[in-house]
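Reproduced below: my_file_8.cif, with mmCIF, C-alpha atoms.
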data_entry
#
loop_
_atom_site.group_PDB
_atom_site.id
_atom_site.type_symbol
_atom_site.label_atom_id
_atom_site.label_comp_id
_atom_site.auth_asym_id
_atom_site.auth_seq_id
_atom_site.Cartn_x
_atom_site.Cartn_y
_atom_site.Cartn_z
ATOM 1 C CA GLU A 1 56.434 -88.428 -28.001
ATOM 2 C CA TRP A 2 54.019 -90.031 -25.559
ATOM 3 C CA VAL A 3 51.216 -87.668 -26.664
ATOM 4 C CA LYS A 4 52.039 -88.353 -30.293
ATOM 5 C CA ASN A 5 51.610 -92.094 -29.713
ATOM 6 C CA LEU A 6 48.285 -91.508 -27.974
ATOM 7 C CA TYR A 7 47.071 -89.466 -30.943
ATOM 8 C CA LYS A 8 48.155 -92.230 -33.331
ATOM 9 C CA LYS A 9 46.114 -94.735 -31.336
ATOM 10 C CA ALA A 10 43.177 -92.360 -31.278
ATOM 11 C CA GLU A 11 43.427 -91.968 -35.044
ATOM 12 C CA GLU A 12 43.312 -95.735 -35.498
ATOM 13 C CA LYS A 13 40.194 -95.960 -33.317
ATOM 14 C CA SER A 14 38.359 -92.958 -34.784
ATOM 15 C CA GLU A 15 35.222 -93.875 -36.668
ATOM 16 C CA ASP A 16 33.280 -90.789 -37.672
ATOM 17 C CA SER A 17 33.824 -87.271 -38.914
ATOM 18 C CA ALA A 18 33.567 -85.674 -35.471
ATOM 19 C CA ASN A 19 36.188 -88.053 -34.014
ATOM 20 C CA PHE A 20 38.663 -87.309 -36.802
ATOM 21 C CA SER A 21 37.909 -83.591 -36.798
ATOM 22 C CA ASN A 22 38.372 -83.214 -33.038
ATOM 23 C CA LEU A 23 41.551 -85.261 -33.186
ATOM 24 C CA ALA A 24 42.920 -83.030 -35.954
ATOM 25 C CA ASP A 25 42.144 -80.001 -33.786
ATOM 26 C CA ASP A 26 44.096 -81.519 -30.906
ATOM 27 C CA ILE A 27 47.027 -82.446 -33.137
ATOM 28 C CA PHE A 28 47.152 -78.932 -34.523
ATOM 29 C CA GLU A 29 46.756 -77.195 -31.161
ATOM 30 C CA ASN A 30 48.925 -79.430 -28.987
ATOM 31 C CA LEU A 31 51.615 -80.632 -31.370
ATOM 32 C CA ASN A 32 51.528 -77.775 -33.855
ATOM 33 C CA ASP A 33 51.740 -80.405 -36.612
ATOM 34 C CA LYS A 34 49.878 -78.812 -39.499
ATOM 35 C CA GLU A 35 50.597 -81.610 -41.983
ATOM 36 C CA TRP A 36 49.364 -84.406 -39.740
ATOM 37 C CA ALA A 37 46.303 -82.347 -38.820
ATOM 38 C CA LYS A 38 45.605 -81.846 -42.526
ATOM 39 C CA LYS A 39 45.719 -85.606 -43.154
ATOM 40 C CA VAL A 40 43.326 -86.238 -40.278
ATOM 41 C CA TYR A 41 40.970 -83.486 -41.518
ATOM 42 C CA LYS A 42 40.988 -85.285 -44.896
ATOM 43 C CA LYS A 43 39.833 -88.439 -43.107
ATOM 44 C CA ALA A 44 37.112 -86.403 -41.391
ATOM 45 C CA GLU A 45 35.998 -85.118 -44.769
ATOM 46 C CA GLY A 46 35.768 -88.670 -46.075
ATOM 47 C CA LYS A 47 33.584 -89.643 -43.130
ATOM 48 C CA SER A 48 31.317 -86.578 -43.272
ATOM 49 C CA GLU A 49 27.717 -87.485 -43.957
ATOM 50 C CA ASN A 50 25.557 -84.405 -43.533
ATOM 51 C CA SER A 51 25.678 -80.637 -43.803
ATOM 52 C CA ASP A 52 26.525 -80.196 -40.116
ATOM 53 C CA ASP A 53 29.570 -82.474 -40.467
ATOM 54 C CA PHE A 54 30.793 -80.568 -43.517
ATOM 55 C CA CYS A 55 30.111 -77.125 -42.006
ATOM 56 C CA ASP A 56 31.906 -77.951 -38.774
ATOM 57 C CA LEU A 57 34.838 -79.309 -40.737
ATOM 58 C CA ALA A 58 34.997 -76.275 -43.044
ATOM 59 C CA ASP A 59 35.011 -73.966 -40.028
ATOM 60 C CA LYS A 60 37.910 -75.874 -38.462
ATOM 61 C CA ILE A 61 39.911 -76.001 -41.684
ATOM 62 C CA PHE A 62 39.488 -72.255 -42.049
ATOM 63 C CA GLU A 63 40.366 -71.487 -38.436
ATOM 64 C CA ASN A 64 43.292 -73.859 -38.024
ATOM 65 C CA LEU A 65 44.791 -74.221 -41.487
ATOM 66 C CA ALA A 66 43.661 -70.921 -43.053
ATOM 67 C CA ASP A 67 43.075 -72.828 -46.288
ATOM 68 C CA LYS A 68 40.345 -70.833 -48.055
ATOM 69 C CA GLU A 69 40.183 -73.051 -51.139
ATOM 70 C CA TRP A 70 39.706 -76.239 -49.159
ATOM 71 C CA THR A 71 37.231 -74.448 -46.891
ATOM 72 C CA LYS A 72 35.245 -73.455 -49.985
ATOM 73 C CA GLU A 73 35.259 -77.032 -51.327
ATOM 74 C CA VAL A 74 33.960 -78.377 -48.027
ATOM 75 C CA TYR A 75 31.249 -75.709 -47.818
ATOM 76 C CA LYS A 76 30.148 -76.722 -51.337
ATOM 77 C CA LYS A 77 29.764 -80.289 -50.101
ATOM 78 C CA ALA A 78 27.753 -78.982 -47.155
ATOM 79 C CA GLU A 79 25.485 -77.078 -49.531
ATOM 80 C CA GLU A 80 24.713 -80.313 -51.398
ATOM 81 C CA LYS A 81 23.564 -81.926 -48.144
ATOM 82 C CA VAL A 82 21.466 -79.101 -46.670
ATOM 83 C CA GLU A 83 17.809 -79.966 -46.293
ATOM 84 C CA ASP A 84 16.026 -77.055 -44.610
ATOM 85 C CA SER A 85 15.827 -73.277 -44.606
ATOM 86 C CA ASP A 86 17.593 -72.746 -41.280
ATOM 87 C CA ASP A 87 20.580 -74.844 -42.356
ATOM 88 C CA PHE A 88 20.831 -72.951 -45.663
ATOM 89 C CA ARG A 89 20.729 -69.666 -43.729
ATOM 90 C CA ASP A 90 23.417 -70.816 -41.287
ATOM 91 C CA LEU A 91 25.601 -72.060 -44.142
ATOM 92 C CA ALA A 92 25.258 -68.724 -45.939
ATOM 93 C CA ASN A 93 26.199 -66.841 -42.779
ATOM 94 C CA ASN A 94 29.295 -69.013 -42.275
ATOM 95 C CA ILE A 95 30.394 -68.537 -45.870
ATOM 96 C CA LEU A 96 29.909 -64.803 -45.650
ATOM 97 C CA GLU A 97 31.821 -64.594 -42.376
ATOM 98 C CA LYS A 98 34.711 -66.810 -43.450
ATOM 99 C CA LEU A 99 34.991 -66.246 -47.201
ATOM 100 C CA GLY A 100 33.062 -63.029 -47.824
ATOM 101 C CA ASP A 101 31.512 -64.358 -51.044
ATOM 102 C CA LYS A 102 28.272 -62.343 -51.273
ATOM 103 C CA GLU A 103 27.206 -63.736 -54.654
ATOM 104 C CA TRP A 104 27.422 -67.322 -53.439
ATOM 105 C CA VAL A 105 25.616 -66.317 -50.252
ATOM 106 C CA LYS A 106 22.763 -64.726 -52.239
ATOM 107 C CA GLY A 107 22.228 -68.021 -54.056
ATOM 108 C CA ILE A 108 22.151 -69.923 -50.785
ATOM 109 C CA TYR A 109 19.724 -67.432 -49.240
ATOM 110 C CA LYS A 110 17.483 -67.979 -52.300
ATOM 111 C CA LYS A 111 17.542 -71.701 -51.576
ATOM 112 C CA ALA A 112 16.695 -70.944 -47.951
ATOM 113 C CA GLU A 113 13.744 -68.865 -49.086
ATOM 114 C CA GLY A 114 12.553 -71.727 -51.286
ATOM 115 C CA LYS A 115 12.608 -74.072 -48.294
ATOM 116 C CA ALA A 116 11.156 -71.616 -45.760
ATOM 117 C CA GLU A 117 7.710 -72.556 -44.519
ATOM 118 C CA ASP A 118 6.910 -70.877 -41.235
ATOM 119 C CA TYR A 119 6.993 -67.534 -39.490
ATOM 120 C CA ASP A 120 10.384 -68.041 -37.805
ATOM 121 C CA GLU A 121 12.158 -69.202 -40.965
ATOM 122 C CA PHE A 122 10.950 -66.241 -43.032
ATOM 123 C CA SER A 123 11.575 -63.811 -40.183
ATOM 124 C CA ASP A 124 15.130 -65.023 -39.549
ATOM 125 C CA LEU A 125 15.889 -65.000 -43.249
ATOM 126 C CA ALA A 126 14.543 -61.470 -43.733
ATOM 127 C CA TYR A 127 16.613 -60.251 -40.791
ATOM 128 C CA ASN A 128 19.789 -61.910 -42.109
ATOM 129 C CA ILE A 129 19.344 -60.658 -45.674
ATOM 130 C CA CYS A 130 18.863 -57.140 -44.407
ATOM 131 C CA GLU A 131 21.654 -57.343 -41.835
ATOM 132 C CA LYS A 132 24.274 -59.304 -43.787
ATOM 133 C CA LEU A 133 23.612 -58.252 -47.396
ATOM 134 C CA ASP A 134 21.945 -54.893 -46.756
ATOM 135 C CA ASP A 135 19.300 -55.872 -49.323
ATOM 136 C CA LYS A 136 16.270 -54.035 -47.965
ATOM 137 C CA GLU A 137 14.065 -54.712 -51.007
ATOM 138 C CA TRP A 138 14.460 -58.469 -50.718
ATOM 139 C CA ALA A 139 14.014 -58.276 -46.958
ATOM 140 C CA LYS A 140 10.814 -56.257 -47.461
ATOM 141 C CA LYS A 141 9.357 -59.022 -49.662
ATOM 142 C CA LEU A 142 10.218 -61.557 -46.999
ATOM 143 C CA TYR A 143 8.733 -59.459 -44.201
ATOM 144 C CA LYS A 144 5.466 -59.436 -46.172
ATOM 145 C CA LYS A 145 5.553 -63.239 -46.090
ATOM 146 C CA VAL A 146 6.351 -63.080 -42.384
ATOM 147 C CA GLU A 147 3.314 -60.894 -41.836
ATOM 148 C CA ASP A 148 1.143 -63.469 -43.634
ATOM 149 C CA LYS A 149 2.501 -66.218 -41.374
ATOM 150 C CA ALA A 150 2.000 -64.310 -38.106
ATOM 151 C CA GLU A 151 -0.465 -65.951 -35.756
ATOM 152 C CA GLY A 152 -0.599 -63.905 -32.591
ATOM 153 C CA ASP A 153 0.078 -60.553 -31.002
ATOM 154 C CA PHE A 154 3.625 -61.497 -30.100
ATOM 155 C CA ASP A 155 4.403 -62.380 -33.746
ATOM 156 C CA PHE A 156 2.995 -59.056 -34.940
ATOM 157 C CA LEU A 157 4.944 -57.197 -32.274
ATOM 158 C CA ARG A 158 8.208 -58.860 -33.357
ATOM 159 C CA ILE A 159 7.528 -58.127 -37.039
ATOM 160 C CA ALA A 160 6.768 -54.479 -36.350
ATOM 161 C CA GLU A 161 9.950 -54.112 -34.309
ATOM 162 C CA SER A 162 12.054 -55.777 -37.010
ATOM 163 C CA ILE A 163 10.544 -53.669 -39.779
ATOM 164 C CA CYS A 164 11.152 -50.536 -37.768
ATOM 165 C CA GLU A 165 14.749 -51.484 -36.909
ATOM 166 C CA GLN A 166 15.841 -53.207 -40.118
ATOM 167 C CA LEU A 167 13.914 -51.328 -42.772
ATOM 168 C CA ASP A 168 13.364 -48.062 -40.920
ATOM 169 C CA ASP A 169 9.761 -48.179 -42.149
ATOM 170 C CA LYS A 170 7.777 -46.665 -39.293
ATOM 171 C CA THR A 171 4.589 -46.353 -41.359
ATOM 172 C CA TRP A 172 4.438 -50.074 -42.079
ATOM 173 C CA ALA A 173 5.404 -50.908 -38.500
ATOM 174 C CA LYS A 174 2.587 -48.684 -37.223
ATOM 175 C CA LYS A 175 0.051 -50.523 -39.418
ATOM 176 C CA ILE A 176 1.191 -53.794 -37.948
ATOM 177 C CA TYR A 177 1.046 -52.452 -34.375
ATOM 178 C CA LYS A 178 -2.588 -51.526 -35.002
ATOM 179 C CA GLN A 179 -3.393 -55.177 -35.691
ATOM 180 C CA ILE A 180 -2.466 -56.072 -32.136
#
Would you mind writing the structure in this file as structure tokens?
Amino acid sequence: EWVKNLYKKAEEKSEDSANFSNLADDIFENLNDKEWAKKVYKKAEGKSENSDDFCDLADKIFENLADKEWTKEVYKKAEEKVEDSDDFRDLANNILEKLGDKEWVKGIYKKAEGKAEDYDEFSDLAYNICEKLDDKEWAKKLYKKVEDKAEGDFDFLRIAESICEQLDDKTWAKKIYKQI
């Protein structure tokens, strides 16, 4: 009862998404009160402002409440707020891990590709597309962009290793090694 009163006071004083979200976690974990936690997660959703807020919240809703539909709704809100390639890639990976929706993930990876600008963004995206979707053709196109963005020996070394490991293309990897 004492803990419950403390959580009520904390709820009254909470101001942002993270405060409400963390409080809902504590309510769920320590009081095992799923309904109260759900109400506090709703408040967190209302206070969420950016893709990180929405992604964190979606992850917690999935883990604690096992509510796939609500998780999906919150991830959609996150997608509307994403601004860069890395965040699109991370969102896609979370959706794939939690919801397994490969078609949705492909669309998000396409958005990530559209936002990608540098070596690391293209490289990470190529790796993830190959690893998570097993789409070697798409990954190959991205690795070509990675190769164009490479600036030093270390970049070329990393590309060659990735192409060898992910695409099993030793001929292409060898060509890249020769540039070093």
Name the residues that the PyMOL selection byres ((chain A and resi 179) around 10) pulls out of this structure, and write them as a PyMOL selection string.
chain A and resi 152-153+156-157+174-178+180
Report, in Å with one decimal, the straight-line distance from CA of Ile108 in chain A to CA of Phe88 in chain A.
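CA of Phe88 in chain A lies 6.1 Å from CA of Ile108 in chain A.
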What lies within 10 Å of Glu63 in chain A using all atoms listed in the file, ignoring chain neighbours under 5 positions off, as number ranges by chain?
A: 25, 57-58, 68, 71, 98
Selection in question (the file shown): the PyMOL selection byres ((chain A and resi 112-118) around 9). Which residues does it include, as a PyMOL selection string?
chain A and resi 83-89+107-111+119-123+125+142+146+149-150
Can you work out the spacing between CA of Lys132 in chain A and CA of Cys164 in chain A in Å, to one decimal?
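Answer for the CA of Lys132 in chain A to CA of Cys164 in chain A separation: 16.9 Å.
Applied to this file, the PyMOL selection byres ((chain A and resi 24) around 6) selects the residues A:Ser21, A:Asn22, A:Leu23, A:Asp25, A:Asp26, A:Ile27, A:Ala37, A:Val40, A:Tyr41.
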